[in-house]
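Structure, as structure tokens:
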There are 2 protein chains.
Amino acid sequence: MKGDVLGEFEEIILLIVGVLGQDAYGLGIRDELEKQTGRSAAIGAVHATLNRLQEKGYVESGMKEGTQERGGRRKRVFQMTGLGKKALTDSKDVRVNLWSQLPDLNIGKV
Amino acid sequence: MKGDVLGEFEEIILLIVGVLGQDAYGLGIRDELEKQTGRSAAIGAVHATLNRLQEKGYVESGMKEGTQERGGRRKRVFQMTGLGKKALTDSKDVRVNLWSQLPDLNIGKV
DNA sequence: TCTTTTGCTCTCTTTTGTAGAACAAATATC
DNA sequence: GATATTTGTTCTACAAAAGAGAGCAAAAGA
């Protein structure tokens, strides 16, 4: 692959990281994914994807101390980088452009 | 994979098939891809993807006799099915929903 | 007939997508 | 305090998608 292309699942996970803002971590991302898209994923799949996104420079991560709730361990929290944001907007531009050429699809306004 | 998820490249190719309408065939799709997205692809990659889309029921294909131009061989022309259209709109809905929650991205109207 | 052009098929490798077991640390409970 | 329970991440594997390009086939031109 050319290396700069964002895979389908990578893109969704990156969007979720953006939506969650300051509290984007493995399990939370998995839950938000299910809530937002109805799509379930194994936790390993989410973490593998986050690691790949980090290798590509689309997210950064750091450890954050746990909360006082039962079992509340420290989390690895992720946040989108400028590069990640650019990848998302590039991807969006391509899709919006193609959608606009397909009036047959019942595609409305965002 | 779950089988019903449209890969990133699959989605772009499916969109191009829709845009091209009646004249969507291998080489033409490759050219249009480059024209629309600036992204080049080997012809084998395009055909492999078209075959996968057909296996999933997102496109149909048939042979069409060649033109009179030099070397104009018969082509395998593709067209989107209702299922393909549905997959595209589903994918679009998820993205539009997530984009709308990311005001940080300079995302405007479609 | 032989060359050139258009076009598809076949084979192979790399990257993504997916799952789940294993492991670690914190609180709860007795 | 020993053990169970809950929240998390990491590690290991494998399947599917992405991608490249050689090779083959057919049509037109010379």
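Identifiers in this document derive from the order of the structure tokens: chains are assigned A, B, ..., residues are numbered from 1 separately in each chain, and ligands are numbered from 1 in order of occurrence.
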
inquiry  = Show me, as a PyMOL selection string, every residue of chain B with an atom at most 8 Å from chain C, counting only C-alpha atoms (C1' of nucleotides).
reply    = chain B and resi 1+26-27+70-75

task = Give me the residues within 10 Å of Leu88 (chain B) as a list in words, counting only C-alpha atoms (C1' of nucleotides) and dropping any in the same chain fewer than 3 places off.
result = Trp99, Leu105 and Ile107 of chain A; Leu6, Glu11, Ile12, Leu14, Leu15, Tyr58, Gly82, Leu83, Gly84, Lys85, Ser91, Lys92 and Asp93 of chain B

Expected file contents, prior selection, N, CA and C atoms, as a PDB file, in the first residue's frame:
```pdb
ATOM      1  N   TRP A  99     -19.580  11.857  -4.078  1.00  0.00           N
ATOM      2  CA  TRP A  99     -21.020  11.827  -3.768  1.00  0.00           C
ATOM      3  C   TRP A  99     -21.771  12.876  -4.578  1.00  0.00           C
ATOM      4  N   LEU A 105     -27.913   8.530  -5.847  1.00  0.00           N
ATOM      5  CA  LEU A 105     -27.937   8.169  -4.438  1.00  0.00           C
ATOM      6  C   LEU A 105     -28.770   9.204  -3.710  1.00  0.00           C
ATOM      7  N   ILE A 107     -28.622  11.203  -1.518  1.00  0.00           N
ATOM      8  CA  ILE A 107     -27.653  11.861  -0.661  1.00  0.00           C
ATOM      9  C   ILE A 107     -28.034  13.318  -0.461  1.00  0.00           C
TER      10      ILE A 107
ATOM     11  N   LEU B   6     -17.578  -2.598   3.778  1.00  0.00           N
ATOM     12  CA  LEU B   6     -16.978  -2.166   2.530  1.00  0.00           C
ATOM     13  C   LEU B   6     -15.601  -1.594   2.844  1.00  0.00           C
ATOM     14  N   GLU B  11     -14.832   0.946  -1.539  1.00  0.00           N
ATOM     15  CA  GLU B  11     -15.822   2.013  -1.546  1.00  0.00           C
ATOM     16  C   GLU B  11     -15.522   3.042  -2.637  1.00  0.00           C
ATOM     17  N   ILE B  12     -14.257   3.418  -2.754  1.00  0.00           N
ATOM     18  CA  ILE B  12     -13.893   4.391  -3.787  1.00  0.00           C
ATOM     19  C   ILE B  12     -14.181   3.839  -5.180  1.00  0.00           C
ATOM     20  N   LEU B  14     -16.307   1.562  -5.992  1.00  0.00           N
ATOM     21  CA  LEU B  14     -17.758   1.475  -6.171  1.00  0.00           C
ATOM     22  C   LEU B  14     -18.333   2.843  -6.522  1.00  0.00           C
ATOM     23  N   LEU B  15     -17.826   3.879  -5.879  1.00  0.00           N
ATOM     24  CA  LEU B  15     -18.271   5.240  -6.201  1.00  0.00           C
ATOM     25  C   LEU B  15     -17.919   5.591  -7.647  1.00  0.00           C
ATOM     26  N   TYR B  58     -22.358  -6.171  -4.873  1.00  0.00           N
ATOM     27  CA  TYR B  58     -22.460  -4.715  -4.953  1.00  0.00           C
ATOM     28  C   TYR B  58     -22.387  -4.190  -6.383  1.00  0.00           C
ATOM     29  N   GLY B  82     -28.531  -2.461  -6.421  1.00  0.00           N
ATOM     30  CA  GLY B  82     -29.235  -1.797  -5.321  1.00  0.00           C
ATOM     31  C   GLY B  82     -28.529  -2.024  -4.000  1.00  0.00           C
ATOM     32  N   LEU B  83     -27.983  -3.219  -3.864  1.00  0.00           N
ATOM     33  CA  LEU B  83     -27.246  -3.540  -2.653  1.00  0.00           C
ATOM     34  C   LEU B  83     -26.002  -2.654  -2.527  1.00  0.00           C
ATOM     35  N   GLY B  84     -25.362  -2.418  -3.664  1.00  0.00           N
ATOM     36  CA  GLY B  84     -24.182  -1.554  -3.655  1.00  0.00           C
ATOM     37  C   GLY B  84     -24.553  -0.137  -3.257  1.00  0.00           C
ATOM     38  N   LYS B  85     -25.655   0.329  -3.785  1.00  0.00           N
ATOM     39  CA  LYS B  85     -26.112   1.671  -3.457  1.00  0.00           C
ATOM     40  C   LYS B  85     -26.423   1.791  -1.970  1.00  0.00           C
ATOM     41  N   SER B  91     -22.602   3.663   4.519  1.00  0.00           N
ATOM     42  CA  SER B  91     -21.272   4.154   4.834  1.00  0.00           C
ATOM     43  C   SER B  91     -21.285   5.670   4.975  1.00  0.00           C
ATOM     44  N   LYS B  92     -22.000   6.324   4.080  1.00  0.00           N
ATOM     45  CA  LYS B  92     -22.073   7.775   4.123  1.00  0.00           C
ATOM     46  C   LYS B  92     -22.744   8.253   5.405  1.00  0.00           C
ATOM     47  N   ASP B  93     -23.819   7.586   5.787  1.00  0.00           N
ATOM     48  CA  ASP B  93     -24.538   8.000   6.995  1.00  0.00           C
ATOM     49  C   ASP B  93     -23.638   7.972   8.222  1.00  0.00           C
TER      50      ASP B  93
END
```

query = Do you have the CA of Asn97 (chain A)-CA of Glu55 (chain A) distance handy?
reply =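 Rounded to one decimal, the two atoms are 28.8 Å apart.
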
key: Exercise answer, chain A residues close to chain D, 12 Å and only C-alpha atoms (C1' of nucleotides), as an MDAnalysis selection string   = chainID A and resid 1:3 5:9 25:28 43:48 50:51 63:77

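Considering the residues A:Gln79, A:Thr37, A:Glu10, A:Asp31 and counting only C-alpha atoms, chain B has its shortest atom-to-atom contact with A:Thr37.
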
Shortest interatomic distance to chain A - which of B:Ala87, B:Ile13, B:Gln54, B:Gly18, counting only C-alpha atoms =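 Answer, going by the shortest atom-to-atom distance: B:Gly18.
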
request  = Would you return as a list in words the members of chain B that DSSP assigns to strand (DSSP E or B) on this structure's backbone?
outcome  = Ala24, Tyr25, Val59, Glu60, Ser61, Gly62, Met63, Lys64, Lys75, Arg76, Val77, Phe78, Gln79 and Met80 of chain B

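The gap separating CA of Asp90 (chain B) from CA of Gln22 (chain B) is 23.5 Å, in Å to one decimal.
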
Fit chain A to chain B: least squares, all C-alpha atoms, paired in order; write the output as a tab-separated table (two decimals) with C-alpha atoms, in the first residue's frame.
```
chain	number	residue	atom	x	y	z
A	1	MET	CA	-14.33	-9.56	8.93
A	2	LYS	CA	-18.05	-9.39	9.25
A	3	GLY	CA	-18.41	-9.56	5.48
A	4	ASP	CA	-20.78	-6.67	5.06
A	5	VAL	CA	-18.22	-3.94	5.58
A	6	LEU	CA	-16.96	-2.13	2.53
A	7	GLY	CA	-13.19	-1.67	2.54
A	8	GLU	CA	-11.66	1.71	1.82
A	9	PHE	CA	-10.49	0.99	-1.72
A	10	GLU	CA	-13.63	-1.00	-2.45
A	11	GLU	CA	-15.73	1.98	-1.53
A	12	ILE	CA	-13.80	4.35	-3.78
A	13	ILE	CA	-13.97	1.95	-6.71
A	14	LEU	CA	-17.69	1.44	-6.14
A	15	LEU	CA	-18.20	5.20	-6.16
A	16	ILE	CA	-16.26	5.49	-9.41
A	17	VAL	CA	-18.42	2.77	-10.96
A	18	GLY	CA	-21.45	4.82	-10.02
A	19	VAL	CA	-19.99	8.01	-11.40
A	20	LEU	CA	-19.05	6.42	-14.71
A	21	GLY	CA	-22.52	4.98	-15.19
A	22	GLN	CA	-22.79	2.99	-18.40
A	23	ASP	CA	-19.13	2.89	-19.27
A	24	ALA	CA	-17.51	1.55	-16.15
A	25	TYR	CA	-14.82	-0.96	-17.07
A	26	GLY	CA	-11.35	-1.82	-15.77
A	27	LEU	CA	-9.05	0.62	-17.51
A	28	GLY	CA	-11.62	3.39	-17.59
A	29	ILE	CA	-12.14	3.04	-13.86
A	30	ARG	CA	-8.42	3.20	-13.31
A	31	ASP	CA	-8.20	6.42	-15.32
A	32	GLU	CA	-11.20	7.99	-13.62
A	33	LEU	CA	-9.76	7.07	-10.23
A	34	GLU	CA	-6.60	8.96	-11.04
A	35	LYS	CA	-8.49	11.90	-12.46
A	36	GLN	CA	-10.88	12.20	-9.53
A	37	THR	CA	-8.59	11.43	-6.62
A	38	GLY	CA	-5.06	11.83	-7.92
A	39	ARG	CA	-4.46	8.30	-6.79
A	40	SER	CA	-2.85	5.83	-9.18
A	41	ALA	CA	-3.44	2.12	-9.03
A	42	ALA	CA	-2.18	-0.90	-10.89
A	43	ILE	CA	-4.74	-2.36	-13.23
A	44	GLY	CA	-4.60	-5.67	-11.40
A	45	ALA	CA	-5.59	-3.94	-8.18
A	46	VAL	CA	-8.66	-2.47	-9.83
A	47	HIS	CA	-9.80	-5.75	-11.33
A	48	ALA	CA	-9.21	-7.70	-8.12
A	49	THR	CA	-11.34	-5.18	-6.27
A	50	LEU	CA	-14.09	-5.27	-8.91
A	51	ASN	CA	-14.19	-9.05	-8.63
A	52	ARG	CA	-14.53	-8.83	-4.88
A	53	LEU	CA	-17.31	-6.27	-5.18
A	54	GLN	CA	-19.11	-8.58	-7.56
A	55	GLU	CA	-18.75	-11.54	-5.18
A	56	LYS	CA	-20.37	-9.41	-2.49
A	57	GLY	CA	-23.20	-8.48	-4.81
A	58	TYR	CA	-22.39	-4.77	-4.92
A	59	VAL	CA	-21.83	-4.69	-8.68
A	60	GLU	CA	-22.91	-6.74	-11.68
A	61	SER	CA	-21.01	-7.12	-14.93
A	62	GLY	CA	-21.43	-8.15	-18.53
A	63	MET	CA	-19.34	-8.18	-21.68
A	64	LYS	CA	-19.76	-5.39	-24.17
A	65	GLU	CA	-18.45	-5.53	-27.74
A	66	GLY	CA	-15.44	-3.43	-28.57
A	67	THR	CA	-15.36	-0.18	-30.47
A	68	GLN	CA	-13.71	0.45	-33.84
A	69	GLU	CA	-10.72	2.25	-32.41
A	70	ARG	CA	-7.29	0.76	-32.62
A	71	GLY	CA	-7.09	-2.23	-30.29
A	72	GLY	CA	-10.61	-1.62	-29.05
A	73	ARG	CA	-11.31	-4.96	-27.44
A	74	ARG	CA	-14.51	-6.03	-25.79
A	75	LYS	CA	-14.87	-4.78	-22.26
A	76	ARG	CA	-16.34	-6.12	-19.11
A	77	VAL	CA	-18.63	-3.33	-17.98
A	78	PHE	CA	-19.79	-3.01	-14.40
A	79	GLN	CA	-22.79	-1.41	-12.83
A	80	MET	CA	-23.81	-0.85	-9.27
A	81	THR	CA	-26.57	-2.97	-7.76
A	82	GLY	CA	-29.19	-1.87	-5.26
A	83	LEU	CA	-27.17	-3.61	-2.59
A	84	GLY	CA	-24.12	-1.60	-3.62
A	85	LYS	CA	-26.07	1.62	-3.42
A	86	LYS	CA	-27.30	0.70	0.03
A	87	ALA	CA	-23.76	-0.09	1.21
A	88	LEU	CA	-22.63	3.33	0.01
A	89	THR	CA	-25.43	5.21	1.69
A	90	ASP	CA	-24.90	3.30	4.93
A	91	SER	CA	-21.24	4.16	4.85
A	92	LYS	CA	-22.05	7.78	4.11
A	93	ASP	CA	-24.54	8.00	6.97
A	94	VAL	CA	-21.97	6.81	9.49
A	95	ARG	CA	-19.38	9.30	8.30
A	96	VAL	CA	-21.71	12.25	8.09
A	97	ASN	CA	-22.93	11.51	11.58
A	98	LEU	CA	-19.41	11.39	12.99
A	99	TRP	CA	-18.25	14.44	11.06
A	100	SER	CA	-21.12	16.43	12.48
A	101	GLN	CA	-19.75	15.74	15.94
A	102	LEU	CA	-16.33	17.08	15.08
A	103	PRO	CA	-16.66	20.84	14.73
A	104	ASP	CA	-12.89	21.08	15.14
A	105	LEU	CA	-12.44	19.69	11.70
A	106	ASN	CA	-12.92	22.36	9.08
A	107	ILE	CA	-15.82	20.47	7.70
A	108	GLY	CA	-18.33	22.43	5.72
A	109	LYS	CA	-21.41	21.56	3.78
A	110	VAL	CA	-21.46	18.96	1.04
```

DSSP-assigned helix (DSSP H, G or I) among chain A, expressed as a PDB file with C-alpha atoms, in the first residue's frame:
```
ATOM      1  CA  GLU A   8     -11.772   1.869   6.532  1.00  0.00           C
ATOM      2  CA  PHE A   9     -11.641   0.754  10.159  1.00  0.00           C
ATOM      3  CA  GLU A  10      -8.713   3.047  10.857  1.00  0.00           C
ATOM      4  CA  GLU A  11     -10.737   5.987   9.660  1.00  0.00           C
ATOM      5  CA  ILE A  12     -13.723   5.151  11.850  1.00  0.00           C
ATOM      6  CA  ILE A  13     -11.525   4.677  14.912  1.00  0.00           C
ATOM      7  CA  LEU A  14      -9.730   7.939  14.201  1.00  0.00           C
ATOM      8  CA  LEU A  15     -13.071   9.723  13.966  1.00  0.00           C
ATOM      9  CA  ILE A  16     -14.152   8.221  17.284  1.00  0.00           C
ATOM     10  CA  VAL A  17     -10.914   9.404  18.888  1.00  0.00           C
ATOM     11  CA  GLY A  18     -11.736  12.880  17.678  1.00  0.00           C
ATOM     12  CA  VAL A  19     -15.289  12.717  18.935  1.00  0.00           C
ATOM     13  CA  LEU A  20     -14.257  11.506  22.379  1.00  0.00           C
ATOM     14  CA  GLY A  21     -11.718  14.282  22.770  1.00  0.00           C
ATOM     15  CA  GLN A  22      -9.891  14.064  26.082  1.00  0.00           C
ATOM     16  CA  ASP A  23     -11.113  10.654  27.133  1.00  0.00           C
ATOM     17  CA  GLY A  26      -9.276   1.514  24.298  1.00  0.00           C
ATOM     18  CA  LEU A  27     -12.428   0.317  25.996  1.00  0.00           C
ATOM     19  CA  GLY A  28     -14.127   3.693  25.786  1.00  0.00           C
ATOM     20  CA  ILE A  29     -13.471   3.814  22.066  1.00  0.00           C
ATOM     21  CA  ARG A  30     -14.899   0.349  21.684  1.00  0.00           C
ATOM     22  CA  ASP A  31     -18.070   1.389  23.505  1.00  0.00           C
ATOM     23  CA  GLU A  32     -18.431   4.624  21.569  1.00  0.00           C
ATOM     24  CA  LEU A  33     -17.936   2.740  18.313  1.00  0.00           C
ATOM     25  CA  GLU A  34     -20.835   0.488  19.160  1.00  0.00           C
ATOM     26  CA  LYS A  35     -22.982   3.371  20.308  1.00  0.00           C
ATOM     27  CA  GLN A  36     -22.316   5.514  17.254  1.00  0.00           C
ATOM     28  CA  THR A  37     -22.275   2.916  14.510  1.00  0.00           C
ATOM     29  CA  ILE A  43     -10.977  -5.024  22.120  1.00  0.00           C
ATOM     30  CA  GLY A  44      -7.850  -6.420  20.497  1.00  0.00           C
ATOM     31  CA  ALA A  45      -8.995  -5.107  17.137  1.00  0.00           C
ATOM     32  CA  VAL A  46      -9.367  -1.620  18.540  1.00  0.00           C
ATOM     33  CA  HIS A  47      -5.961  -1.592  20.184  1.00  0.00           C
ATOM     34  CA  ALA A  48      -4.215  -3.028  17.129  1.00  0.00           C
ATOM     35  CA  THR A  49      -5.754  -0.280  15.034  1.00  0.00           C
ATOM     36  CA  LEU A  50      -4.812   2.430  17.531  1.00  0.00           C
ATOM     37  CA  ASN A  51      -1.231   1.201  17.475  1.00  0.00           C
ATOM     38  CA  ARG A  52      -1.168   1.342  13.709  1.00  0.00           C
ATOM     39  CA  LEU A  53      -2.612   4.851  13.723  1.00  0.00           C
ATOM     40  CA  GLN A  54       0.091   5.900  16.147  1.00  0.00           C
ATOM     41  CA  GLU A  55       2.828   4.378  13.974  1.00  0.00           C
ATOM     42  CA  GLY A  82      -2.588  17.498  12.966  1.00  0.00           C
ATOM     43  CA  LEU A  83      -1.553  14.828  10.507  1.00  0.00           C
ATOM     44  CA  GLY A  84      -4.541  12.743  11.563  1.00  0.00           C
ATOM     45  CA  LYS A  85      -6.863  15.665  11.071  1.00  0.00           C
ATOM     46  CA  LYS A  86      -5.437  16.266   7.626  1.00  0.00           C
ATOM     47  CA  ALA A  87      -5.888  12.613   6.667  1.00  0.00           C
ATOM     48  CA  LEU A  88      -9.534  12.811   7.713  1.00  0.00           C
ATOM     49  CA  THR A  89     -10.248  15.979   5.793  1.00  0.00           C
ATOM     50  CA  ASP A  90      -8.513  14.607   2.704  1.00  0.00           C
ATOM     51  CA  SER A  91     -10.602  11.484   2.904  1.00  0.00           C
ATOM     52  CA  LYS A  92     -13.736  13.544   3.383  1.00  0.00           C
ATOM     53  CA  ASP A  93     -12.961  15.755   0.400  1.00  0.00           C
ATOM     54  CA  VAL A  94     -12.640  12.775  -1.918  1.00  0.00           C
ATOM     55  CA  ARG A  95     -15.924  11.288  -0.752  1.00  0.00           C
ATOM     56  CA  VAL A  96     -17.879  14.508  -0.840  1.00  0.00           C
ATOM     57  CA  ASN A  97     -16.619  15.157  -4.333  1.00  0.00           C
ATOM     58  CA  LEU A  98     -17.687  11.730  -5.560  1.00  0.00           C
ATOM     59  CA  TRP A  99     -21.020  11.827  -3.768  1.00  0.00           C
ATOM     60  CA  SER A 100     -21.824  15.113  -5.436  1.00  0.00           C
TER      61      SER A 100
END
```
